[in-house]
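For reference, the structure is listed below as structure tokens.
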Amino acid sequence: MTAFSFACTGVRADGYAAGPTLVFRLRVTAADNARVHALALRCQIRIEPARRSYEPAEADGLADLFGERSRWGSTLQPVQFAQVSVMVPSFTGEIETDLAVPCTYDMDIAATRYLAALDGGEVPLLMLFSGTAFTGAGGFQVEPVPWDREAAFRMPVATWREMVEQHFPGCGWIRLPRDTMDALVAYRSRHALPSWEATLKALLDAVAADEPPVSDPFRALTATIGRTDP
């Protein structure tokens with residue numbers, strides 16, 4: 001059976017993709033200069049947060065995911081980042097190919113919340129490979145890619161931020177339940193507010209004027225929608 005090894009040699013933000021996309025550069029090596037007709041490759045990418053240090057501000061931003069820093073010895077567990085597939089073309093011995101990874105800026109996703117909390121440095125990733133190889137010098141045979149194939153890579157935080165800025169320049173994104181969104185639309189229409197930014201600012205100003213700070217600002221926000229206007 002052909003022995004395969006994998007390495008990630010770089011990553012870039014895809015400036016031409018319709019949505020936020022990172023492109024990882026993979027080096028695939030087949031032992032003994034083996035002939036590979038094609039390789040149907042699956043890759044699972046995990047963030048390994050325990051493999052880097054964090055500034056106090058970053059630790060505060062990660063509290064929702066991992067709790068207080070004193071608990072990180074047990075809570076700092078791997079976070080799923082992506083699971084993608086790629087068809088590697090024919091090669092002999094070694095090849096480099098691109099692995100496109102669609103991303104999201106949905107702050108309900110753990111990986112996005114983790115990345116958004118980082119001020120800089122690198123993101124420790126572990127890439128786990130499996131798949132099917134079509135090999136053979138004088139013939140054709142089908143072989144599995146063992147599940148234990150993996151590669152570690154440290155992705156610059158700046159690359160992820162560049163990708164986000166290409167699609168959401170200077171903005172954030174949140175997902176809301178349908179009834180909350182309908183209430184926001186109605187509130188904006190009643191008050192003839194010019195944008196969603198102005199709508200949320202008006203609601204937050206109303207909360208600040210009427211009540212002391214609360215531990216759940218989103219609950220206060222939705223409550224305010226119903227009471228600030230008859």
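Chain labels run A, B, ... following the order of the structure tokens; each chain numbers its residues from 1, and ligands are numbered from 1 in the order shown.
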
Check region 8-207 of chain A with DSSP on the backbone and list each residue it calls helix (DSSP H, G or I), as a PyMOL selection string. chain A and resi 31-33+49-51+56-61+63-66+69-75+110-117+157-167+178-191+196-207

Can you pull out every residue within 9 Å of region 71-79 of chain A, counting only C-alpha atoms, but drop anything in the same chain fewer than 3 positions away, and send it as an mmCIF file with N, CA, C and O atoms, in the first residue's frame?
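selection-v7.cif written:
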```cif
data_model
loop_
_atom_site.group_PDB
_atom_site.id
_atom_site.type_symbol
_atom_site.label_atom_id
_atom_site.label_comp_id
_atom_site.auth_asym_id
_atom_site.auth_seq_id
_atom_site.Cartn_x
_atom_site.Cartn_y
_atom_site.Cartn_z
ATOM 1 N N ILE A 45 -10.350 20.025 9.499
ATOM 2 C CA ILE A 45 -9.446 21.006 10.095
ATOM 3 C C ILE A 45 -9.968 21.382 11.471
ATOM 4 O O ILE A 45 -11.139 21.754 11.624
ATOM 5 N N ARG A 46 -9.097 21.279 12.463
ATOM 6 C CA ARG A 46 -9.448 21.624 13.835
ATOM 7 C C ARG A 46 -8.532 22.725 14.348
ATOM 8 O O ARG A 46 -7.346 22.772 14.015
ATOM 9 N N ILE A 47 -9.095 23.592 15.166
ATOM 10 C CA ILE A 47 -8.303 24.572 15.903
ATOM 11 C C ILE A 47 -7.880 23.922 17.219
ATOM 12 O O ILE A 47 -8.705 23.326 17.914
ATOM 13 N N GLU A 48 -6.601 24.057 17.553
ATOM 14 C CA GLU A 48 -6.091 23.499 18.810
ATOM 15 C C GLU A 48 -5.685 24.655 19.726
ATOM 16 O O GLU A 48 -4.522 25.070 19.761
ATOM 17 N N PRO A 49 -6.640 25.218 20.467
ATOM 18 C CA PRO A 49 -6.398 26.441 21.242
ATOM 19 C C PRO A 49 -5.345 26.296 22.332
ATOM 20 O O PRO A 49 -4.758 27.296 22.750
ATOM 21 N N ALA A 50 -5.085 25.095 22.802
ATOM 22 C CA ALA A 50 -4.098 24.914 23.871
ATOM 23 C C ALA A 50 -2.669 25.111 23.378
ATOM 24 O O ALA A 50 -1.753 25.208 24.198
ATOM 25 N N LEU A 65 -16.499 30.799 25.391
ATOM 26 C CA LEU A 65 -16.177 29.479 24.840
ATOM 27 C C LEU A 65 -15.561 28.545 25.882
ATOM 28 O O LEU A 65 -15.926 27.367 25.966
ATOM 29 N N PHE A 66 -14.611 29.081 26.669
ATOM 30 C CA PHE A 66 -13.810 28.221 27.535
ATOM 31 C C PHE A 66 -13.938 28.524 29.022
ATOM 32 O O PHE A 66 -13.307 27.851 29.841
ATOM 33 N N GLY A 67 -14.727 29.541 29.375
ATOM 34 C CA GLY A 67 -14.853 29.896 30.776
ATOM 35 C C GLY A 67 -13.675 30.720 31.264
ATOM 36 O O GLY A 67 -12.873 31.241 30.478
ATOM 37 N N GLU A 68 -13.562 30.860 32.569
ATOM 38 C CA GLU A 68 -12.470 31.632 33.154
ATOM 39 C C GLU A 68 -11.125 30.937 32.901
ATOM 40 O O GLU A 68 -11.057 29.716 32.784
ATOM 41 N N ALA A 110 -18.616 28.439 16.850
ATOM 42 C CA ALA A 110 -17.532 28.499 17.839
ATOM 43 C C ALA A 110 -16.212 28.931 17.215
ATOM 44 O O ALA A 110 -15.472 29.735 17.800
ATOM 45 N N ALA A 111 -15.876 28.415 16.028
ATOM 46 C CA ALA A 111 -14.600 28.766 15.399
ATOM 47 C C ALA A 111 -14.526 30.257 15.086
ATOM 48 O O ALA A 111 -13.474 30.889 15.255
ATOM 49 N N TYR A 114 -13.975 32.201 18.285
ATOM 50 C CA TYR A 114 -12.584 32.045 18.708
ATOM 51 C C TYR A 114 -11.676 32.978 17.905
ATOM 52 O O TYR A 114 -10.869 33.728 18.482
#
```

Could you please determine the separation between CA of Tyr105 (chain A) and CA of His167 (chain A) in Å, to one decimal place? 9.5 Å

Distance table requested - region 1-64 of chain A against region 141-159 of chain A, cut-off 10 Å, only C-alpha atoms: one row per qualifying residue with the closest atom pair and its distance in Å to one decimal, ordered by chain and rising residue number, as a Markdown table.
```
| residue | atom | partner | partner_atom | distance |
| --- | --- | --- | --- | --- |
| A:Met1 | CA | A:Glu143 | CA | 6.8 |
| A:Thr2 | CA | A:Glu143 | CA | 7.6 |
| A:Ala3 | CA | A:Val145 | CA | 8.1 |
| A:Phe4 | CA | A:Val145 | CA | 7.2 |
| A:Ser5 | CA | A:Arg149 | CA | 6.6 |
| A:Phe6 | CA | A:Ala151 | CA | 6.0 |
| A:Ala7 | CA | A:Ala151 | CA | 5.4 |
| A:Cys8 | CA | A:Phe153 | CA | 6.2 |
| A:Thr9 | CA | A:Phe153 | CA | 8.1 |
| A:Gly10 | CA | A:Met155 | CA | 7.9 |
| A:Val11 | CA | A:Met155 | CA | 7.0 |
| A:Arg12 | CA | A:Thr159 | CA | 6.3 |
| A:Ala13 | CA | A:Thr159 | CA | 6.3 |
| A:Leu22 | CA | A:Thr159 | CA | 8.3 |
| A:Phe24 | CA | A:Met155 | CA | 9.4 |
| A:Leu26 | CA | A:Ala151 | CA | 9.6 |
| A:Val36 | CA | A:Gln141 | CA | 9.7 |
| A:His37 | CA | A:Gln141 | CA | 9.4 |
| A:Ala38 | CA | A:Val142 | CA | 9.9 |
| A:Leu39 | CA | A:Val145 | CA | 8.9 |
| A:Ala40 | CA | A:Val145 | CA | 9.1 |
| A:Leu41 | CA | A:Val145 | CA | 8.0 |
| A:Arg42 | CA | A:Val145 | CA | 9.3 |
| A:Cys43 | CA | A:Glu150 | CA | 8.9 |
| A:Gln44 | CA | A:Glu150 | CA | 9.3 |
| A:Ile45 | CA | A:Ala152 | CA | 9.6 |
| A:Arg46 | CA | A:Ala152 | CA | 9.7 |
| A:Ile47 | CA | A:Arg154 | CA | 9.6 |
| A:Glu48 | CA | A:Ala152 | CA | 9.7 |
| A:Arg51 | CA | A:Arg154 | CA | 9.7 |
| A:Arg52 | CA | A:Arg154 | CA | 9.8 |
```

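As for CA of Val28 (chain A) and CA of Thr97 (chain A), they are spaced 7.9 Å apart.
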
So that I can check the secondary structure, give me every residue of region 30-143 of chain A assigned strand (DSSP E) by backbone DSSP, as a PyMOL selection string. chain A and resi 30+35-47+79-88+91-92+94-102+122-135+141-143

Best match for closeness to Thr29 (chain A) among A:Phe168, A:Phe91, A:Phe140, A:Phe129, counting only C-alpha atoms: A:Phe91
